[in-house]
Amino acid sequence: MTEQYRTNIEAILKNSDLSTITTKKIRKELEAQIGTSLDHVKKEINTLIEQVFLSFQQQASTSSQDSERVLKKKDTSIKKTTAPTIKKETKKKKQQPKKPIDWPVYKVTSPLSDIIGTDICSRPQTVKKMWEYIRKHNLQSETDKRIINCDDKFKLLCDNLEQVSAFTINKYTQKYFEKIPAEEQANYKKILQDREELQK
C-alpha cells in the first residue's frame with residue numbers, strides 16, 4: 001500500500017540535504033504533495049522512508065567518479081527530452097571534467113572527526129566518509145542494513161547507544177559541526193585541498 005509513494009520519497013530526498021533531513025520532514029512534505037494525512041500508515045511510511053534514505057546514503061558514499069557518472073546520465077536524459085539535437089553537446093560535455101559543487105566546509109570536532117578522519121569537511125563529504133567507515137568496520141546489522149552496530153567511536157558519537165538507525169545518525173552529528181565564517185572559507189578549503197593532495 002505504501003510502495004506507491006516510493007517515487008515521491010525519492011524525489012523529496014533528491015532535493016534535500018541528507019545530513020539534516022528527518023523522517024518527519026519527509027512524511028510532512030509527502031502529505032503536502034498528496035493532499036492527505038498518512039497517520040493511519042505512519043509506521044509503514046516511516047519504514048519505506050528509511051529504506052529509501054539508506055539507499056541514498058549508500059549512494060552518497062560512492063566515489064566522486066560514480067557520482068559524476070550518475071549526474072551526467074541525468075543531464076543526458078533531461079536534454080534528450082528537451083531537444084534531440086543536443087546529443088552532440090552532451091558528448092562534448094562528457095569530455096570536459098565536471099565542476100564539483102562548492103559546498104561550505106565546517107570545523108568538525110571529536111568524536112565525529114575521529115570517525116571521518118579529518119577536522120575540516122563539508123556535510124556531504126562527512127556523510128560519505130561516515131559510510132566508508134561503517135562499511136570498512138562492518139557495522140551494518142546482517143539482518144537489517146538500516147541498523148548500525150556502534151563500535152567505540154560511534155558510541156561516543158551516539159550517546160553510548162549499542163545500535164542506531166541509519167536515518168537517525170544525522171541528529172547526533174549536528175553538534176560536532178562548527179561554522180566557518182564566509183570570509184575564511186577559502187583559506188580552510190585550501191588547507192583541505194593541500195591535505196588531500198598529500199594523501200594521494
# chains A, B, ... in the order shown; residues from 1 in each chain; ligands from 1
call {"tool": "residues_around", "arguments": {"residues": "Trp103 (chain A)", "least_positions_apart": "5", "cutoff": "9 Å", "atoms": "only C-alpha atoms", "output": "PDB file with C-alpha atoms, in the first residue's frame"}}
result
ATOM      1  CA  SER A 122      31.655  19.661   4.119  1.00  0.00           C
ATOM      2  CA  ARG A 123      28.424  17.993   5.243  1.00  0.00           C
ATOM      3  CA  PRO A 124      28.031  15.809   2.102  1.00  0.00           C
TER       4      PRO A 124
END
call {"tool": "residues_around", "arguments": {"residues": "Cys121 (chain A)", "least_positions_apart": "3", "cutoff": "12 Å", "atoms": "only C-alpha atoms", "output": "PyMOL selection string"}}
result
chain A and resi 102-109+112-113+116-118+124-130+176-180+185+188-193+195-196
call {"tool": "atom_distance", "arguments": {"atom1": "CA of Ile21 (chain A)", "atom2": "CA of Glu184 (chain A)"}}
result
26.7 Å
call {"tool": "residues_around", "arguments": {"residues": "Phe53 (chain A)", "least_positions_apart": "4", "cutoff": "9 Å", "atoms": "only C-alpha atoms", "output": "JSON, numbers by chain"}}
result
{"A": [9, 10, 13, 18, 48, 49, 57, 58, 166, 167]}
call {"tool": "write_last_selection", "arguments": {"atoms": "N, CA and C atoms", "output": "short mmCIF file (atom, residue, chain, number, x, y, z; two decimals), in the first residue's frame"}}
result
data_model
loop_
_atom_site.label_atom_id
_atom_site.label_comp_id
_atom_site.auth_asym_id
_atom_site.auth_seq_id
_atom_site.Cartn_x
_atom_site.Cartn_y
_atom_site.Cartn_z
N ILE A 9 9.00 9.92 -2.42
CA ILE A 9 10.02 10.00 -1.37
C ILE A 9 11.40 10.18 -1.99
N GLU A 10 11.67 9.45 -3.07
CA GLU A 10 12.96 9.60 -3.76
C GLU A 10 13.14 11.02 -4.27
N LEU A 13 13.95 13.34 -1.36
CA LEU A 13 15.33 13.16 -0.89
C LEU A 13 16.34 13.74 -1.87
N LEU A 18 20.87 15.49 2.84
CA LEU A 18 20.79 14.21 3.55
C LEU A 18 21.38 14.28 4.95
N LEU A 48 9.37 2.72 4.89
CA LEU A 48 9.70 2.96 3.49
C LEU A 48 10.68 4.12 3.34
N ILE A 49 10.45 5.19 4.09
CA ILE A 49 11.35 6.35 4.06
C ILE A 49 12.76 5.92 4.45
N GLN A 57 21.90 7.22 1.18
CA GLN A 57 23.13 7.37 1.97
C GLN A 57 24.26 6.56 1.36
N GLN A 58 23.93 5.34 0.94
CA GLN A 58 24.95 4.48 0.35
C GLN A 58 25.43 5.03 -0.98
N ALA A 166 20.22 4.05 10.69
CA ALA A 166 20.98 4.85 9.74
C ALA A 166 20.35 6.22 9.55
N PHE A 167 19.03 6.29 9.72
CA PHE A 167 18.32 7.54 9.50
C PHE A 167 18.52 8.53 10.65
#
call {"tool": "residues_around", "arguments": {"residues": "region 147-149 of chain A", "least_positions_apart": "4", "cutoff": "12 Å", "atoms": "only C-alpha atoms", "output": "NGL selection string"}}
result
:A and (50-51 or 54 or 130-131 or 133-135 or 137-143 or 153-155 or 158 or 160-169)
call {"tool": "write_last_selection", "arguments": {"atoms": "C-alpha atoms", "output": "PDB file, in the first residue's frame"}}
result
ATOM      1  CA  GLU A  50      14.190   4.650   5.968  1.00  0.00           C
ATOM      2  CA  GLN A  51      14.697   2.119   3.168  1.00  0.00           C
ATOM      3  CA  LEU A  54      19.524   4.150   3.322  1.00  0.00           C
ATOM      4  CA  MET A 130      30.919   8.073   7.693  1.00  0.00           C
ATOM      5  CA  TRP A 131      29.542   5.419   5.350  1.00  0.00           C
ATOM      6  CA  TYR A 133      33.888   3.975   7.959  1.00  0.00           C
ATOM      7  CA  ILE A 134      30.676   1.976   8.564  1.00  0.00           C
ATOM      8  CA  ARG A 135      31.437  -0.373   5.669  1.00  0.00           C
ATOM      9  CA  HIS A 137      34.384  -1.734  10.011  1.00  0.00           C
ATOM     10  CA  ASN A 138      31.364  -3.856   9.027  1.00  0.00           C
ATOM     11  CA  LEU A 139      28.983  -2.011  11.372  1.00  0.00           C
ATOM     12  CA  GLN A 140      25.733  -2.666   9.496  1.00  0.00           C
ATOM     13  CA  SER A 141      23.485  -5.303  11.023  1.00  0.00           C
ATOM     14  CA  GLU A 142      23.448  -8.512   8.968  1.00  0.00           C
ATOM     15  CA  THR A 143      19.688  -8.873   9.404  1.00  0.00           C
ATOM     16  CA  LYS A 153      33.796   5.668  18.270  1.00  0.00           C
ATOM     17  CA  PHE A 154      30.138   5.525  17.253  1.00  0.00           C
ATOM     18  CA  LYS A 155      29.083   5.036  20.879  1.00  0.00           C
ATOM     19  CA  CYS A 158      25.577   8.444  19.569  1.00  0.00           C
ATOM     20  CA  ASN A 160      26.590   5.408  24.208  1.00  0.00           C
ATOM     21  CA  LEU A 161      23.866   3.531  22.315  1.00  0.00           C
ATOM     22  CA  GLU A 162      24.631  -0.020  21.182  1.00  0.00           C
ATOM     23  CA  GLN A 163      22.684   0.412  17.928  1.00  0.00           C
ATOM     24  CA  VAL A 164      21.287   3.327  15.925  1.00  0.00           C
ATOM     25  CA  SER A 165      19.144   3.626  12.821  1.00  0.00           C
ATOM     26  CA  ALA A 166      20.979   4.852   9.736  1.00  0.00           C
ATOM     27  CA  PHE A 167      18.318   7.545   9.498  1.00  0.00           C
ATOM     28  CA  THR A 168      18.979   8.925  12.998  1.00  0.00           C
ATOM     29  CA  ILE A 169      22.774   9.214  12.787  1.00  0.00           C
TER      30      ILE A 169
END
call {"tool": "residues_around", "arguments": {"residues": "region 25-34 of chain A", "least_positions_apart": "2", "cutoff": "10 Å", "atoms": "only C-alpha atoms", "output": "PyMOL selection string"}}
result
chain A and resi 5+8-13+16+20-23+36-39+42+45-46+49
call {"tool": "atom_distance", "arguments": {"atom1": "CA of Asn187 (chain A)", "atom2": "CA of Gln174 (chain A)"}}
result
22.8 Å
call {"tool": "atom_distance", "arguments": {"atom1": "CA of Thr47 (chain A)", "atom2": "CA of Thr173 (chain A)"}}
result
21.9 Å
